[in-house]
Amino acid sequence: MTKLNEAMERSLEDRDVDALRAEFESGGRLLVIEDFLPTDLRDAALADLGRLRAQVHRNYVPRQKKGGSVSRHAIDRGGEMIGALYRCPALREFLEEVSGARLLDCPPEDPHTYALYLYTEPGDHIGWHYDTSFYRGRRFTLLLGLVENESCRFECEINRRDEARPTESRDYVMKPGTLAFFDGDGLWHRVTKMAEGDGERVVITMEFVTDNSMHPWRRLISNVKDAFAYFGVREVFGRRAGA
Ligand SMILES: [Fe+2]
């Protein structure tokens, strides 16, 4: 996938990384850039979405979330671009410069390493939460908008856990190609409910960590959460036999 890396390198050439790093820090360790993904990479990601439609797992957790997800394992089986984008050196270097952290891959068994979230039915949403790290180190989340709608807004509160700074509310519509990158333990966020009559919304989510080890007990909790709230029991626990 050298072509992907070259395309990403080219698209990042003119970005002022120092300014973006300052924006990330002053913005509560959240950075949002519209038109981040160049058109050819956006189209390649949409082609992956087309290939993965049959792999969507619908889930519903009362009062917390409702929607569809495609796990890293399903993407590895049926996708061609999203996994390569996760491992793209130019993207990783950019995110490391913005965050000031060395960012590692999640281990291959983590279904959340990269995934698709789909909001396709009225009422689909996710309630207020942090992207809490189950790993020993910190966890950063990258969201890339693929398909936009009007009613599913990405709302967040920055500095909620920072007593030295005032909490501020923000909200975004995650247009196709938009990047949102944040420190998962620091950003309180949600996606508002999809309205009746609105179209679908799709985002890619990626998880980067500073330490990819996890206590076995926390791995179990993480797997149970992923099985019931995201990808299904078979996808999370059914792969042990190499299925
Ligand atoms: Fe989240």
# chains A, B, ... in the order shown; residues from 1 in each chain; ligands from 1
call {"tool": "select_by_dssp", "arguments": {"residues": "region 170-224 of chain A", "states": "strand (DSSP E)", "output": "PyMOL selection string"}}
result
chain A and resi 170-172+179-183+188-191+201-209
call {"tool": "closest_atom_pairs", "arguments": {"of": "chain A", "to": "ligand 1", "cutoff": "7 Å", "atoms": "only C-alpha atoms and all ligand atoms", "output": "Markdown table"}}
result
| residue | atom | partner | partner_atom_place_in_ligand_line | distance |
| --- | --- | --- | --- | --- |
| A:His129 | CA | ligand 1 | 1 (Fe) | 6.4 |
| A:Tyr130 | CA | ligand 1 | 1 (Fe) | 6.0 |
| A:Asp131 | CA | ligand 1 | 1 (Fe) | 4.8 |
| A:His189 | CA | ligand 1 | 1 (Fe) | 6.4 |
| A:Arg190 | CA | ligand 1 | 1 (Fe) | 6.7 |
call {"tool": "atom_distance", "arguments": {"atom1": "CA of Gly67 (chain A)", "atom2": "CA of Pro107 (chain A)"}}
result
24.9 Å
call {"tool": "atom_distance", "arguments": {"atom1": "CA of Trp217 (chain A)", "atom2": "CA of Arg136 (chain A)"}}
result
12.0 Å
call {"tool": "closest_residue", "arguments": {"among": "A:Leu30, A:Val56, A:Leu103, A:Leu144", "to": "Ser169 (chain A)", "atoms": "only C-alpha atoms"}}
result
A:Leu30
call {"tool": "closest_residue", "arguments": {"among": "A:Thr113, A:Thr141, A:Ser151, A:Thr132", "to": "Tyr172 (chain A)", "atoms": "only C-alpha atoms"}}
result
A:Ser151
call {"tool": "atom_distance", "arguments": {"atom1": "CA of Glu34 (chain A)", "atom2": "CA of Glu93 (chain A)"}}
result
19.1 Å
call {"tool": "closest_residue", "arguments": {"among": "A:Leu116, A:Leu220, A:Leu12, A:Ala90", "to": "Ser71 (chain A)", "atoms": "only C-alpha atoms"}}
result
A:Leu116
call {"tool": "residues_around", "arguments": {"residues": "Asp35 (chain A)", "least_positions_apart": "4", "cutoff": "9 Å", "atoms": "only C-alpha atoms", "output": "PyMOL selection string"}}
result
chain A and resi 39+175-179
call {"tool": "select_by_dssp", "arguments": {"residues": "region 28-236 of chain A", "states": "helix (DSSP H, G or I)", "output": "ChimeraX atom specification"}}
result
/A:39-55,72-78,82-86,89-99,216-231,233-236
call {"tool": "closest_residue", "arguments": {"among": "A:Met174, A:Val236, A:Ala7, A:Met214", "to": "Cys88 (chain A)", "atoms": "only C-alpha atoms"}}
result
A:Ala7
call {"tool": "residues_around", "arguments": {"residues": "Gly27 (chain A)", "least_positions_apart": "6", "cutoff": "10 Å", "atoms": "only C-alpha atoms", "output": "PyMOL selection string"}}
result
chain A and resi 21+158-159+168+182
call {"tool": "write_last_selection", "arguments": {"atoms": "all heavy atoms", "output": "PDB file, in the first residue's frame"}}
result
ATOM      1  N   ARG A  21      -0.576  21.003  16.480  1.00  0.00           N
ATOM      2  CA  ARG A  21      -0.282  20.459  17.815  1.00  0.00           C
ATOM      3  C   ARG A  21      -0.714  21.460  18.909  1.00  0.00           C
ATOM      4  O   ARG A  21      -1.301  21.078  19.914  1.00  0.00           O
ATOM      5  CB  ARG A  21       1.212  20.142  17.936  1.00  0.00           C
ATOM      6  CG  ARG A  21       1.640  19.837  19.345  1.00  0.00           C
ATOM      7  CD  ARG A  21       2.862  18.940  19.428  1.00  0.00           C
ATOM      8  NE  ARG A  21       3.289  18.774  20.810  1.00  0.00           N
ATOM      9  CZ  ARG A  21       2.625  18.093  21.725  1.00  0.00           C
ATOM     10  NH1 ARG A  21       1.468  17.525  21.428  1.00  0.00           N
ATOM     11  NH2 ARG A  21       3.079  17.987  22.949  1.00  0.00           N
ATOM     12  N   ILE A 158     -15.029  19.684  26.265  1.00  0.00           N
ATOM     13  CA  ILE A 158     -13.579  19.604  26.490  1.00  0.00           C
ATOM     14  C   ILE A 158     -13.242  20.117  27.890  1.00  0.00           C
ATOM     15  O   ILE A 158     -14.008  20.886  28.488  1.00  0.00           O
ATOM     16  CB  ILE A 158     -12.781  20.376  25.413  1.00  0.00           C
ATOM     17  CG1 ILE A 158     -13.132  21.871  25.420  1.00  0.00           C
ATOM     18  CG2 ILE A 158     -13.016  19.789  24.029  1.00  0.00           C
ATOM     19  CD1 ILE A 158     -12.162  22.703  24.592  1.00  0.00           C
ATOM     20  N   ASN A 159     -12.138  19.657  28.419  1.00  0.00           N
ATOM     21  CA  ASN A 159     -11.611  20.064  29.736  1.00  0.00           C
ATOM     22  C   ASN A 159     -12.519  19.673  30.899  1.00  0.00           C
ATOM     23  O   ASN A 159     -12.408  20.254  31.978  1.00  0.00           O
ATOM     24  CB  ASN A 159     -11.386  21.595  29.798  1.00  0.00           C
ATOM     25  CG  ASN A 159     -10.432  22.067  28.721  1.00  0.00           C
ATOM     26  OD1 ASN A 159      -9.525  21.335  28.329  1.00  0.00           O
ATOM     27  ND2 ASN A 159     -10.644  23.272  28.231  1.00  0.00           N
ATOM     28  N   GLU A 168     -15.893  23.430  28.038  1.00  0.00           N
ATOM     29  CA  GLU A 168     -16.512  24.079  26.872  1.00  0.00           C
ATOM     30  C   GLU A 168     -17.245  23.043  26.035  1.00  0.00           C
ATOM     31  O   GLU A 168     -16.746  21.939  25.852  1.00  0.00           O
ATOM     32  CB  GLU A 168     -15.417  24.661  25.959  1.00  0.00           C
ATOM     33  CG  GLU A 168     -14.930  26.035  26.317  1.00  0.00           C
ATOM     34  CD  GLU A 168     -13.796  26.445  25.365  1.00  0.00           C
ATOM     35  OE1 GLU A 168     -13.946  26.248  24.132  1.00  0.00           O
ATOM     36  OE2 GLU A 168     -12.775  26.919  25.877  1.00  0.00           O
ATOM     37  N   PHE A 182      -8.623  12.653  19.301  1.00  0.00           N
ATOM     38  CA  PHE A 182      -8.680  13.112  20.696  1.00  0.00           C
ATOM     39  C   PHE A 182      -8.141  12.070  21.671  1.00  0.00           C
ATOM     40  O   PHE A 182      -8.025  10.886  21.348  1.00  0.00           O
ATOM     41  CB  PHE A 182     -10.113  13.507  21.069  1.00  0.00           C
ATOM     42  CG  PHE A 182     -11.169  12.453  20.841  1.00  0.00           C
ATOM     43  CD1 PHE A 182     -11.514  11.556  21.840  1.00  0.00           C
ATOM     44  CD2 PHE A 182     -11.835  12.379  19.619  1.00  0.00           C
ATOM     45  CE1 PHE A 182     -12.502  10.597  21.638  1.00  0.00           C
ATOM     46  CE2 PHE A 182     -12.817  11.414  19.407  1.00  0.00           C
ATOM     47  CZ  PHE A 182     -13.150  10.523  20.415  1.00  0.00           C
TER      48      PHE A 182
END
call {"tool": "closest_residue", "arguments": {"among": "A:Leu4, A:Val70, A:Val191, A:Val233", "to": "Ala44 (chain A)", "atoms": "only C-alpha atoms"}}
result
A:Leu4
call {"tool": "residues_around", "arguments": {"residues": "Gly232 (chain A)", "least_positions_apart": "6", "cutoff": "12 Å", "atoms": "only C-alpha atoms", "output": "list in words"}}
result
Gln55, Val56, His57, Arg58, Asn59, Tyr60, Gly68, Ser69, Val70, Ser71, His73, Ala74, Pro111, Asn223, Val224, Lys225, Asp226, Gly238 and Arg239 of chain A
call {"tool": "write_last_selection", "arguments": {"atoms": "C-alpha atoms", "output": "mmCIF file, in the first residue's frame"}}
result
data_model
loop_
_atom_site.group_PDB
_atom_site.id
_atom_site.type_symbol
_atom_site.label_atom_id
_atom_site.label_comp_id
_atom_site.auth_asym_id
_atom_site.auth_seq_id
_atom_site.Cartn_x
_atom_site.Cartn_y
_atom_site.Cartn_z
ATOM 1 C CA GLN A 55 -20.846 -7.560 7.970
ATOM 2 C CA VAL A 56 -22.698 -4.902 9.972
ATOM 3 C CA HIS A 57 -23.663 -6.057 13.457
ATOM 4 C CA ARG A 58 -26.648 -4.153 14.933
ATOM 5 C CA ASN A 59 -26.667 -3.572 18.685
ATOM 6 C CA TYR A 60 -28.831 -1.920 21.303
ATOM 7 C CA GLY A 68 -24.391 -0.806 13.716
ATOM 8 C CA SER A 69 -20.695 -1.705 13.848
ATOM 9 C CA VAL A 70 -18.174 -3.568 11.712
ATOM 10 C CA SER A 71 -15.217 -4.945 13.684
ATOM 11 C CA HIS A 73 -11.770 -8.714 12.198
ATOM 12 C CA ALA A 74 -14.560 -8.258 9.645
ATOM 13 C CA PRO A 111 -11.951 -5.811 17.533
ATOM 14 C CA ASN A 223 -14.256 -8.200 25.387
ATOM 15 C CA VAL A 224 -17.618 -8.497 27.147
ATOM 16 C CA LYS A 225 -18.332 -4.823 26.407
ATOM 17 C CA ASP A 226 -17.344 -5.263 22.748
ATOM 18 C CA GLY A 238 -15.716 -17.031 18.453
ATOM 19 C CA ARG A 239 -12.363 -16.508 16.796
#
